[in-house]
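Source file: protein.csv. Holds: CSV, C-alpha atoms and all ligand atoms.
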chain,number,residue,atom,x,y,z
A,9,MET,CA,100.1,119.0,121.9
A,10,GLU,CA,96.7,117.5,122.1
A,11,LEU,CA,95.7,115.5,119.0
A,12,PRO,CA,92.8,113.3,118.0
A,13,ARG,CA,93.7,109.6,118.8
A,14,GLN,CA,91.7,108.1,116.0
A,15,ILE,CA,90.2,109.6,112.8
A,16,VAL,CA,88.0,107.4,110.6
A,17,VAL,CA,86.7,108.6,107.3
A,18,GLY,CA,84.5,105.9,105.7
A,19,GLU,CA,81.5,105.4,103.5
A,20,LYS,CA,78.2,104.0,104.8
A,21,ASN,CA,79.9,103.3,108.1
A,22,ILE,CA,77.6,105.1,110.6
A,23,SER,CA,76.4,101.6,111.7
A,24,ASN,CA,79.9,100.9,113.0
A,25,ILE,CA,80.0,103.8,115.4
A,26,GLY,CA,79.6,101.5,118.4
A,27,SER,CA,82.7,99.4,117.6
A,28,PHE,CA,84.7,102.6,116.8
A,29,LEU,CA,83.9,103.9,120.3
A,30,ILE,CA,84.8,100.6,121.9
A,31,GLY,CA,88.2,100.7,120.2
A,32,LEU,CA,88.7,104.3,121.2
A,33,SER,CA,87.9,104.3,124.9
A,34,ARG,CA,85.5,101.5,125.8
A,35,PRO,CA,82.7,103.8,127.1
A,36,ARG,CA,79.8,102.3,129.0
A,37,LYS,CA,77.5,105.3,128.7
A,38,ILE,CA,77.6,108.3,126.4
A,39,SER,CA,75.8,111.5,125.9
A,40,LEU,CA,75.0,112.7,122.3
A,41,VAL,CA,74.2,116.2,121.1
A,42,SER,CA,72.5,116.7,117.8
A,43,GLY,CA,69.9,118.8,116.0
A,44,GLU,CA,66.5,117.4,115.2
A,45,GLN,CA,67.1,116.8,111.5
A,46,VAL,CA,70.3,115.0,112.1
A,47,ARG,CA,68.7,112.9,114.8
A,48,LYS,CA,66.0,111.8,112.4
A,49,ILE,CA,68.6,110.7,109.8
A,50,THR,CA,71.0,108.9,112.1
A,51,TYR,CA,69.1,107.8,115.2
A,52,ASN,CA,68.1,104.3,114.3
A,53,LYS,CA,71.5,103.3,112.9
A,54,VAL,CA,73.5,104.9,115.7
A,55,VAL,CA,71.3,103.5,118.5
A,56,ARG,CA,71.3,100.0,117.1
A,57,SER,CA,75.1,100.1,116.8
A,58,LEU,CA,75.5,101.4,120.3
A,59,SER,CA,73.3,98.8,121.8
A,60,GLU,CA,75.2,96.0,119.9
A,61,SER,CA,78.3,97.4,121.6
A,62,LYS,CA,76.5,97.6,124.9
A,63,ILE,CA,76.9,101.3,125.2
A,64,LYS,CA,74.1,103.1,127.0
A,65,ASN,CA,73.2,106.5,125.4
A,66,ILE,CA,71.2,109.6,126.1
A,67,TRP,CA,70.5,112.1,123.3
A,68,HIS,CA,70.2,115.8,123.7
A,69,LEU,CA,68.7,118.2,121.2
A,70,SER,CA,70.6,121.4,120.3
A,71,THR,CA,68.3,124.1,119.0
A,72,SER,CA,70.6,127.1,119.0
A,73,ASN,CA,74.4,127.8,119.4
A,74,ASP,CA,74.1,130.6,121.9
A,75,VAL,CA,75.7,130.4,125.3
A,76,GLU,CA,72.4,130.0,127.1
A,77,SER,CA,71.3,126.8,125.2
A,78,ALA,CA,74.8,125.4,125.6
A,79,LYS,CA,74.5,126.0,129.4
A,80,LYS,CA,71.2,124.2,129.5
A,81,ILE,CA,72.6,121.2,127.6
A,82,LEU,CA,75.7,121.2,129.9
A,83,ALA,CA,73.4,121.0,133.0
A,84,ASP,CA,71.5,118.1,131.5
A,85,ILE,CA,74.6,116.2,130.4
A,86,LYS,CA,76.1,116.6,133.8
A,87,LYS,CA,73.3,114.6,135.2
A,88,ASP,CA,73.9,111.8,132.7
A,89,LYS,CA,77.2,110.9,134.3
A,90,SER,CA,78.4,109.5,131.0
A,91,ASP,CA,82.0,108.6,130.1
A,92,LEU,CA,82.1,110.4,126.7
A,93,ILE,CA,80.3,113.1,124.8
A,94,ILE,CA,79.6,113.0,121.1
A,95,GLY,CA,78.6,116.0,118.9
A,96,ILE,CA,76.8,114.7,115.8
A,97,GLY,CA,75.8,117.3,113.2
A,98,GLY,CA,76.9,120.4,111.5
A,99,GLY,CA,78.6,123.3,113.3
A,100,ARG,CA,76.3,123.8,116.2
A,101,SER,CA,76.0,120.4,117.8
A,102,VAL,CA,79.7,119.7,117.4
A,103,ASP,CA,80.6,123.0,119.0
A,104,ILE,CA,78.2,122.6,121.9
A,105,ALA,CA,79.3,119.0,122.6
A,106,LYS,CA,82.9,120.1,122.5
A,107,MET,CA,82.3,122.9,125.0
A,108,VAL,CA,80.4,120.6,127.3
A,109,ALA,CA,83.1,117.9,127.2
A,110,PHE,CA,85.7,120.5,127.9
A,111,THR,CA,83.8,121.9,130.9
A,112,LEU,CA,83.0,118.5,132.3
A,113,LYS,CA,86.5,117.2,131.6
A,114,LYS,CA,85.2,114.3,129.5
A,115,PRO,CA,86.5,112.9,126.2
A,116,PHE,CA,84.8,114.2,123.1
A,117,VAL,CA,84.1,112.6,119.8
A,118,SER,CA,83.2,114.6,116.7
A,119,VAL,CA,80.8,113.1,114.2
A,120,PRO,CA,80.3,115.7,111.5
A,121,THR,CA,77.4,115.4,109.1
A,122,SER,CA,78.4,118.2,106.8
A,123,ALA,CA,81.8,119.4,105.5
A,124,SER,CA,81.0,123.1,106.3
A,125,HIS,CA,83.8,124.2,108.5
A,126,ASP,CA,87.1,123.2,110.2
A,127,GLY,CA,85.8,122.9,113.7
A,128,ILE,CA,85.4,119.2,113.0
A,129,ALA,CA,88.8,118.2,114.4
A,130,SER,CA,90.0,121.5,116.0
A,131,PRO,CA,90.1,122.3,119.7
A,132,PHE,CA,88.2,125.5,119.1
A,133,VAL,CA,84.5,126.6,119.5
A,134,SER,CA,82.6,129.7,119.0
A,135,LEU,CA,79.3,130.2,120.7
A,136,ARG,CA,76.9,133.1,120.1
A,137,GLY,CA,76.9,135.5,123.0
A,138,ASP,CA,80.4,134.6,124.1
A,139,LYS,CA,83.6,136.2,122.8
A,140,PRO,CA,83.4,137.4,119.3
A,141,TYR,CA,85.9,134.8,118.1
A,142,SER,CA,86.7,131.2,118.7
A,143,ILE,CA,88.0,130.1,122.0
A,144,ILE,CA,90.0,127.1,122.9
A,145,ALA,CA,88.3,124.0,124.3
A,146,THR,CA,89.2,120.4,124.0
A,147,ALA,CA,90.6,118.5,120.9
A,148,PRO,CA,88.4,115.6,119.9
A,149,LEU,CA,89.6,112.2,121.1
A,150,GLY,CA,88.1,110.8,118.0
A,151,VAL,CA,86.6,111.9,114.7
A,152,PHE,CA,84.2,109.7,112.9
A,153,VAL,CA,83.0,110.5,109.4
A,154,ASP,CA,80.5,108.8,107.2
A,155,ILE,CA,81.0,110.4,103.8
A,156,GLU,CA,77.6,109.1,102.6
A,157,ILE,CA,75.9,111.4,105.1
A,158,LEU,CA,78.1,114.3,104.1
A,159,LYS,CA,77.3,113.9,100.5
A,160,LYS,CA,73.6,114.2,101.2
A,161,ALA,CA,74.1,117.5,103.0
A,162,PRO,CA,73.1,120.7,101.1
A,163,ARG,CA,75.7,121.7,98.5
A,164,ARG,CA,75.8,125.2,100.2
A,165,LEU,CA,77.4,123.6,103.3
A,166,ILE,CA,80.2,122.0,101.3
A,167,ALA,CA,80.8,125.2,99.5
A,168,SER,CA,81.0,127.0,102.8
A,169,GLY,CA,83.6,124.4,104.0
A,170,CYS,CA,85.7,125.4,101.0
A,171,GLY,CA,85.4,129.1,102.0
A,172,ASP,CA,86.8,128.1,105.4
A,173,LEU,CA,89.7,126.3,103.7
A,174,MET,CA,90.5,129.4,101.6
A,175,ALA,CA,90.9,131.2,104.9
A,176,LYS,CA,94.1,129.2,105.5
A,177,VAL,CA,95.8,131.0,102.6
A,178,THR,CA,95.4,134.4,104.3
A,179,ALA,CA,95.6,133.0,107.9
A,180,VAL,CA,99.1,131.5,107.3
A,181,ARG,CA,100.3,134.7,105.7
A,182,ASP,CA,99.1,136.7,108.7
A,183,TRP,CA,100.9,134.3,111.0
A,184,GLU,CA,104.1,134.9,108.9
A,185,LEU,CA,103.6,138.6,109.3
A,186,ALA,CA,103.3,138.3,113.0
A,187,ARG,CA,106.5,136.3,113.1
A,188,ASP,CA,108.4,138.9,111.0
A,189,LYS,CA,106.9,142.0,112.6
A,190,ILE,CA,106.5,141.2,116.3
A,191,GLY,CA,108.5,138.0,116.7
A,192,GLU,CA,105.6,135.8,117.4
A,193,TYR,CA,106.1,132.0,117.6
A,194,PHE,CA,105.6,130.4,114.2
A,195,GLY,CA,105.1,126.7,113.8
A,196,THR,CA,106.4,125.7,110.4
A,197,TYR,CA,104.8,122.3,110.5
A,198,ALA,CA,101.4,123.5,111.6
A,199,ALA,CA,101.5,126.3,109.0
A,200,ASN,CA,102.5,124.0,106.2
A,201,LEU,CA,99.8,121.5,107.1
A,202,ALA,CA,97.1,124.3,107.0
A,203,SER,CA,98.5,125.6,103.7
A,204,MET,CA,98.6,122.2,102.2
A,205,SER,CA,94.9,121.6,103.1
A,206,ALA,CA,93.9,124.7,101.1
A,207,LYS,CA,96.4,123.9,98.3
A,208,ILE,CA,95.1,120.4,97.6
A,209,VAL,CA,91.5,121.7,97.3
A,210,ILE,CA,92.6,124.7,95.1
A,211,ASP,CA,94.6,122.4,92.8
A,212,ASN,CA,91.6,120.1,92.3
A,213,SER,CA,88.7,122.6,92.3
A,214,LYS,CA,88.3,122.6,88.5
A,215,ASN,CA,86.7,119.2,88.8
A,216,PHE,CA,84.3,120.4,91.5
A,217,LYS,CA,82.0,122.1,89.0
A,218,LYS,CA,80.3,118.9,88.3
A,219,LYS,CA,80.7,117.2,91.6
A,220,PRO,CA,82.7,118.3,94.6
A,221,ASP,CA,85.0,115.7,96.0
A,222,VAL,CA,83.5,115.5,99.5
A,223,ARG,CA,86.2,113.2,100.9
A,224,MET,CA,88.9,115.5,99.8
A,225,ILE,CA,87.2,118.5,101.3
A,226,VAL,CA,86.5,116.9,104.6
A,227,GLU,CA,90.0,115.5,104.8
A,228,ALA,CA,91.3,119.0,104.2
A,229,LEU,CA,89.1,120.4,106.9
A,230,ILE,CA,90.2,117.7,109.3
A,231,SER,CA,93.9,118.4,108.5
A,232,SER,CA,93.5,122.1,109.2
A,233,GLY,CA,91.8,121.3,112.5
A,234,VAL,CA,94.8,119.1,113.3
A,235,ALA,CA,97.1,121.9,112.3
A,236,ALA,CA,95.4,124.0,115.0
A,237,CYS,CA,95.8,121.2,117.5
A,238,ILE,CA,99.6,121.1,116.6
A,239,ALA,CA,99.9,124.8,116.9
A,240,GLY,CA,98.0,124.9,120.1
A,241,SER,CA,96.2,128.0,118.8
A,242,SER,CA,93.9,128.8,115.9
A,243,ARG,CA,96.7,130.8,114.2
A,244,PRO,CA,97.2,128.5,111.2
A,245,CYS,CA,93.5,128.5,110.5
A,246,SER,CA,92.3,131.9,111.4
A,247,GLY,CA,93.6,135.4,110.5
A,248,ALA,CA,92.2,138.7,109.5
A,249,GLU,CA,89.5,137.0,107.2
A,250,HIS,CA,88.1,135.3,110.3
A,251,LEU,CA,88.2,138.6,112.3
A,252,PHE,CA,86.2,140.1,109.4
A,253,SER,CA,83.7,137.2,109.6
A,254,HIS,CA,83.4,137.6,113.4
A,255,ALA,CA,83.0,141.4,112.9
A,256,VAL,CA,80.1,140.8,110.5
A,257,ASP,CA,78.5,138.5,113.1
A,258,TYR,CA,79.1,141.1,115.8
A,259,LEU,CA,77.4,143.9,113.8
A,260,GLU,CA,74.5,141.8,112.5
A,261,SER,CA,73.9,138.2,113.2
A,262,GLY,CA,72.4,135.8,110.6
A,263,ILE,CA,74.3,137.0,107.5
A,264,GLY,CA,75.7,134.0,105.5
A,265,LEU,CA,77.4,130.9,106.8
A,266,HIS,CA,80.7,131.0,108.7
A,267,GLY,CA,82.7,129.6,105.7
A,268,GLU,CA,80.9,131.9,103.3
A,269,LYS,CA,82.0,135.0,105.2
A,270,CYS,CA,85.5,133.6,105.6
A,271,GLY,CA,85.8,132.9,101.9
A,272,ILE,CA,84.7,136.4,101.0
A,273,GLY,CA,87.0,137.8,103.7
A,274,ALA,CA,89.9,135.7,102.3
A,275,ILE,CA,89.4,137.4,98.9
A,276,LEU,CA,89.7,140.9,100.5
A,277,ILE,CA,92.5,140.1,102.9
A,278,ALA,CA,94.5,138.3,100.2
A,279,LYS,CA,94.5,141.4,98.1
A,280,LEU,CA,95.6,143.5,101.1
A,281,GLN,CA,98.4,141.0,101.6
A,282,GLY,CA,99.5,141.1,98.0
A,283,GLN,CA,98.5,137.5,97.4
A,284,ASP,CA,96.8,136.0,94.3
A,285,TRP,CA,93.2,136.8,95.3
A,286,LYS,CA,91.9,135.9,91.9
A,287,LYS,CA,92.9,132.3,92.6
A,288,ILE,CA,90.7,132.3,95.7
A,289,ILE,CA,87.8,133.7,93.7
A,290,ARG,CA,88.3,131.0,91.0
A,291,MET,CA,88.3,128.2,93.6
A,292,LEU,CA,85.2,129.6,95.4
A,293,LYS,CA,83.3,129.9,92.1
A,294,ASP,CA,84.3,126.3,91.1
A,295,VAL,CA,82.6,125.0,94.2
A,296,GLY,CA,79.6,127.3,94.0
A,297,ALA,CA,80.6,129.4,97.0
A,298,PRO,CA,79.6,133.1,97.1
A,299,THR,CA,82.3,135.6,96.1
A,300,THR,CA,80.2,138.8,96.4
A,301,ALA,CA,78.6,140.5,99.4
A,302,LYS,CA,75.2,140.6,97.6
A,303,GLU,CA,75.0,136.8,97.4
A,304,ILE,CA,75.0,136.5,101.2
A,305,GLY,CA,72.9,139.6,101.8
A,306,LEU,CA,75.8,141.6,103.2
A,307,GLU,CA,75.2,145.3,102.8
A,308,PRO,CA,78.1,147.5,101.8
A,309,ARG,CA,77.7,149.5,105.0
A,310,ILE,CA,78.1,146.5,107.2
A,311,LEU,CA,81.0,145.2,105.1
A,312,ALA,CA,82.9,148.5,105.4
A,313,LYS,CA,82.2,148.8,109.1
A,314,ALA,CA,83.2,145.1,109.7
A,315,LEU,CA,86.6,145.6,107.9
A,316,THR,CA,87.3,148.7,110.0
A,317,ILE,CA,86.5,147.2,113.4
A,318,ALA,CA,87.7,143.6,112.7
A,319,GLN,CA,91.2,144.0,114.2
A,320,SER,CA,89.8,145.7,117.4
A,321,LEU,CA,87.9,142.6,118.2
A,322,ARG,CA,91.2,140.8,118.9
A,323,PRO,CA,93.9,143.4,119.0
A,324,GLU,CA,96.6,141.0,120.3
A,325,ARG,CA,96.3,138.9,117.1
A,326,TYR,CA,98.6,140.6,114.7
A,327,THR,CA,97.3,140.5,111.1
A,328,ILE,CA,97.6,142.6,108.0
A,329,LEU,CA,94.8,144.7,109.4
A,330,SER,CA,97.2,145.7,112.2
A,331,GLN,CA,99.4,147.4,109.6
A,332,VAL,CA,96.8,148.9,107.3
A,333,LYS,CA,94.9,151.8,108.7
A,334,MET,CA,91.5,150.6,107.5
A,335,THR,CA,88.8,153.2,106.9
A,336,GLU,CA,85.3,152.7,105.5
A,337,GLU,CA,86.3,154.4,102.3
A,338,LYS,CA,89.3,152.1,101.9
A,339,ALA,CA,87.2,149.1,102.7
A,340,ILE,CA,84.6,150.0,100.0
A,341,ALA,CA,87.4,150.6,97.4
A,342,LEU,CA,89.0,147.3,98.3
A,343,ALA,CA,85.7,145.4,98.0
A,344,LYS,CA,85.0,147.1,94.6
A,345,SER,CA,88.4,146.4,93.3
A,346,THR,CA,87.9,142.6,94.0
A,347,GLY,CA,84.4,142.4,92.7
A,348,VAL,CA,83.1,141.6,96.2
A,349,LEU,CA,81.0,144.8,95.8
B,401,ZN,ZN,86.7,129.0,110.3

Show the structure stored in the file as structure tokens.
Ligand SMILES: [Zn+2]
Amino acid sequence: MELPRQIVVGEKNISNIGSFLIGLSRPRKISLVSGEQVRKITYNKVVRSLSESKIKNIWHLSTSNDVESAKKILADIKKDKSDLIIGIGGGRSVDIAKMVAFTLKKPFVSVPTSASHDGIASPFVSLRGDKPYSIIATAPLGVFVDIEILKKAPRRLIASGCGDLMAKVTAVRDWELARDKIGEYFGTYAANLASMSAKIVIDNSKNFKKKPDVRMIVEALISSGVAACIAGSSRPCSGAEHLFSHAVDYLESGIGLHGEKCGIGAILIAKLQGQDWKKIIRMLKDVGAPTTAKEIGLEPRILAKALTIAQSLRPERYTILSQVKMTEEKAIALAKSTGVL
């Protein structure tokens, strides 16, 4: 079991990142990966804090999350000869830094600037042009969160994070199915931790209409990432709803955010599993996340195709879609019955 050693969730604490790193592993030189916008917002405070802690640093810009750009950053960071790699940003920079750290066998620290997905603390990455699902890399040695920065991120990103949390409801059920049908290993503790992350957010979502509780959402996302660390697989966090999201990406890239697709996928899959899918819709609406295909520009044709091919992207991962012989007609009927279409 590989787990983060230290997780800090604070407010207006980005200026303390240097001392956090010293407490974590005393690095002398680090490489940072971020996007341009995030660099603009955080650069001065981070660099000042690092130099106060006498940590040399080299920044790398991530512009895309495809395999080619990740390889280029990998080649550059290799030359840095740094002790530790930090991904600071939304999904892309954290994913690239995680992959680079894994390849170079260096410790990795995650500094999320939006609560948009559960890769923040998980050992998994998905890069465009690689396998059509997340692959295992390294668990972060540390996770450092400044809620103040997350609060300023676009509301759409937080809503997307909630979509990724709703995915735990269906993912855990799929895992139970795999245990019951094919005798797959089932980790009760990891499964409960993932379920609890979703439940806490569902139970409180009524209050999100006015203002989402960013701390609660990011802590839930971190907990589900830790659940994946404990399970040693993405099982507690990713089931048929993720396969659906990956299938949409596979068929047509650029439709919606990861968590938005997973949230919509969770509605569909929950109905197939006989779970309370209306509860998922309610929660997603409370936080302003999309609950229809139209809202993310997903055409009925792509939705239907995605549901029919989803399981074939990862046949060994047993889900409800392994049991249901999904056809495009069935997919359309399912989407219509849940209001997704
Ligand atoms: Zn996800």

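Residues of protein or nucleic acid lying within 8 Å of ligand ZN 401 (chain B), counting only C-alpha atoms and all ligand atoms, are His125, Asp126, Gly127, Asp172, Leu173, Ala175, Cys245, Ser246, His250, His266, Gly267 and Cys270 of chain A.
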
Long-range neighbours of Lys176 (chain A) as a JSON list (two decimals) with C-alpha atoms, in the frame of the given file, 10 Å cut-off, only C-alpha atoms, 5 positions minimum in chain:
[["chain", "number", "residue", "atom", "x", "y", "z"],
["A", 171, "GLY", "CA", 85.40, 129.10, 102.00],
["A", 181, "ARG", "CA", 100.30, 134.70, 105.70],
["A", 182, "ASP", "CA", 99.10, 136.70, 108.70],
["A", 199, "ALA", "CA", 101.50, 126.30, 109.00],
["A", 200, "ASN", "CA", 102.50, 124.00, 106.20],
["A", 201, "LEU", "CA", 99.80, 121.50, 107.10],
["A", 202, "ALA", "CA", 97.10, 124.30, 107.00],
["A", 203, "SER", "CA", 98.50, 125.60, 103.70],
["A", 204, "MET", "CA", 98.60, 122.20, 102.20],
["A", 205, "SER", "CA", 94.90, 121.60, 103.10],
["A", 206, "ALA", "CA", 93.90, 124.70, 101.10],
["A", 207, "LYS", "CA", 96.40, 123.90, 98.30],
["A", 232, "SER", "CA", 93.50, 122.10, 109.20],
["A", 243, "ARG", "CA", 96.70, 130.80, 114.20],
["A", 244, "PRO", "CA", 97.20, 128.50, 111.20],
["A", 245, "CYS", "CA", 93.50, 128.50, 110.50],
["A", 246, "SER", "CA", 92.30, 131.90, 111.40],
["A", 247, "GLY", "CA", 93.60, 135.40, 110.50],
["A", 249, "GLU", "CA", 89.50, 137.00, 107.20],
["A", 250, "HIS", "CA", 88.10, 135.30, 110.30],
["A", 270, "CYS", "CA", 85.50, 133.60, 105.60],
["A", 271, "GLY", "CA", 85.80, 132.90, 101.90],
["A", 274, "ALA", "CA", 89.90, 135.70, 102.30]]

- [ ] Measure the distance from CA of Leu11 (chain A) to CA of Ala235 (chain A) in Å and round it to one decimal.
- [x] 9.4 Å

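Closest approach to Ala278 (chain A) among A:Met174, A:Ile15, A:Ile210, A:Met291 is made by A:Met174 (distances from all atoms listed in the file).
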
Task: Atomic separation - CA of Ile272 (chain A) relative to CA of Thr299 (chain A), Å - done: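 Value for the CA of Thr299 (chain A)-CA of Ile272 (chain A) distance: 5.5 Å.
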
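The coordinates place CA of Ile155 (chain A) at 5.0 Å from CA of Glu19 (chain A).
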
Task: Top pick for closest residue to Leu158 (chain A), considering A:Ala83, A:Ala312, A:Ile225, A:Ile317 and counting all atoms listed in the file - done: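 Among the listed residues, A:Ile225 lies closest to Leu158 (chain A).
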
Tell me which protein, DNA and RNA residues are within 8 Å of Tyr326 (chain A), counting all atoms listed in the file, leaving out same-chain ones fewer than 3 positions away, and put them as a PDB file with C-alpha atoms, keeping the file's coordinate frame.
ATOM      1  CA  ASP A 182      99.100 136.700 108.700  1.00  0.00           C
ATOM      2  CA  TRP A 183     100.900 134.300 111.000  1.00  0.00           C
ATOM      3  CA  LEU A 185     103.600 138.600 109.300  1.00  0.00           C
ATOM      4  CA  ALA A 186     103.300 138.300 113.000  1.00  0.00           C
ATOM      5  CA  PRO A 323      93.900 143.400 119.000  1.00  0.00           C
ATOM      6  CA  LEU A 329      94.800 144.700 109.400  1.00  0.00           C
ATOM      7  CA  SER A 330      97.200 145.700 112.200  1.00  0.00           C
TER       8      SER A 330
END

Task: For Leu58 (chain A), the nearest of the candidates A:Ile143, A:Ile25, A:Leu112, A:Leu342, counting all atoms listed in the file - done: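 Going through A:Ile143, A:Ile25, A:Leu112, A:Leu342 one by one, the smallest distance to Leu58 (chain A) is for A:Ile25.
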
Task: Among the residues A:Gly169, A:Pro298, A:Gly98, A:Gly31, the one that comes closest to Val153 (chain A) [using all atoms listed in the file] - done: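 That would be A:Gly98, the residue with the smallest distance to Val153 (chain A).
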
Task: Given all atoms listed in the file as the counted atoms, nearest of A:Ala78, A:Asp88, A:Arg56, A:Val209 to Lys37 (chain A) - done: A:Asp88

Task: Pick from A:Val256, A:Ile157, A:Ile275, A:Ala248, whichever lies nearest to Val222 (chain A) using all atoms listed in the file - done: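 Going through A:Val256, A:Ile157, A:Ile275, A:Ala248 one by one, the smallest distance to Val222 (chain A) is for A:Ile157.
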
Task: Spatial neighbours of Leu29 (chain A), 9 Å, only C-alpha atoms, chain gap at least 4 places, as a list in words - done: Asn24, Ile25, Ser33, Arg34, Pro35, Leu58, Ser61, Ile63, Val117 and Gly150 of chain A

Extract, using only C-alpha atoms, all DNA, RNA and protein residues at most 10 Å from Ala239 (chain A), discarding same-chain residues fewer than 3 positions from it, and format them as a JSON list (two decimals) with C-alpha atoms, keeping the file's coordinate frame.
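Printed below is around_29.json as written:
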[["chain", "number", "residue", "atom", "x", "y", "z"],
["A", 9, "MET", "CA", 100.10, 119.00, 121.90],
["A", 10, "GLU", "CA", 96.70, 117.50, 122.10],
["A", 193, "TYR", "CA", 106.10, 132.00, 117.60],
["A", 194, "PHE", "CA", 105.60, 130.40, 114.20],
["A", 195, "GLY", "CA", 105.10, 126.70, 113.80],
["A", 196, "THR", "CA", 106.40, 125.70, 110.40],
["A", 197, "TYR", "CA", 104.80, 122.30, 110.50],
["A", 198, "ALA", "CA", 101.40, 123.50, 111.60],
["A", 199, "ALA", "CA", 101.50, 126.30, 109.00],
["A", 233, "GLY", "CA", 91.80, 121.30, 112.50],
["A", 234, "VAL", "CA", 94.80, 119.10, 113.30],
["A", 235, "ALA", "CA", 97.10, 121.90, 112.30],
["A", 236, "ALA", "CA", 95.40, 124.00, 115.00],
["A", 242, "SER", "CA", 93.90, 128.80, 115.90],
["A", 243, "ARG", "CA", 96.70, 130.80, 114.20],
["A", 244, "PRO", "CA", 97.20, 128.50, 111.20],
["A", 245, "CYS", "CA", 93.50, 128.50, 110.50]]

Task: Cut-off 12 Å around (70.1, 100.3, 116.9) with all atoms listed in the file: residues as a ChimeraX atom specification - done: /A:22-26,50-65

Task: Contact residues around Ile81 (chain A) with all atoms listed in the file at 10 Å, ignoring same-chain residues under 4 positions, as an MDAnalysis selection string - done: chainID A and resid 41 68:70 75:77 85:86 104:105 108

TODO: In the coordinate frame of the file, compute which residues have an atom within 12 Å of (80.7, 138.3, 115.6) when using all atoms listed in the file, and state them as a VMD selection string.
DONE: chain A and resid 74 134 to 142 250 to 263 265 to 266 269 314 317 to 318 320 to 322
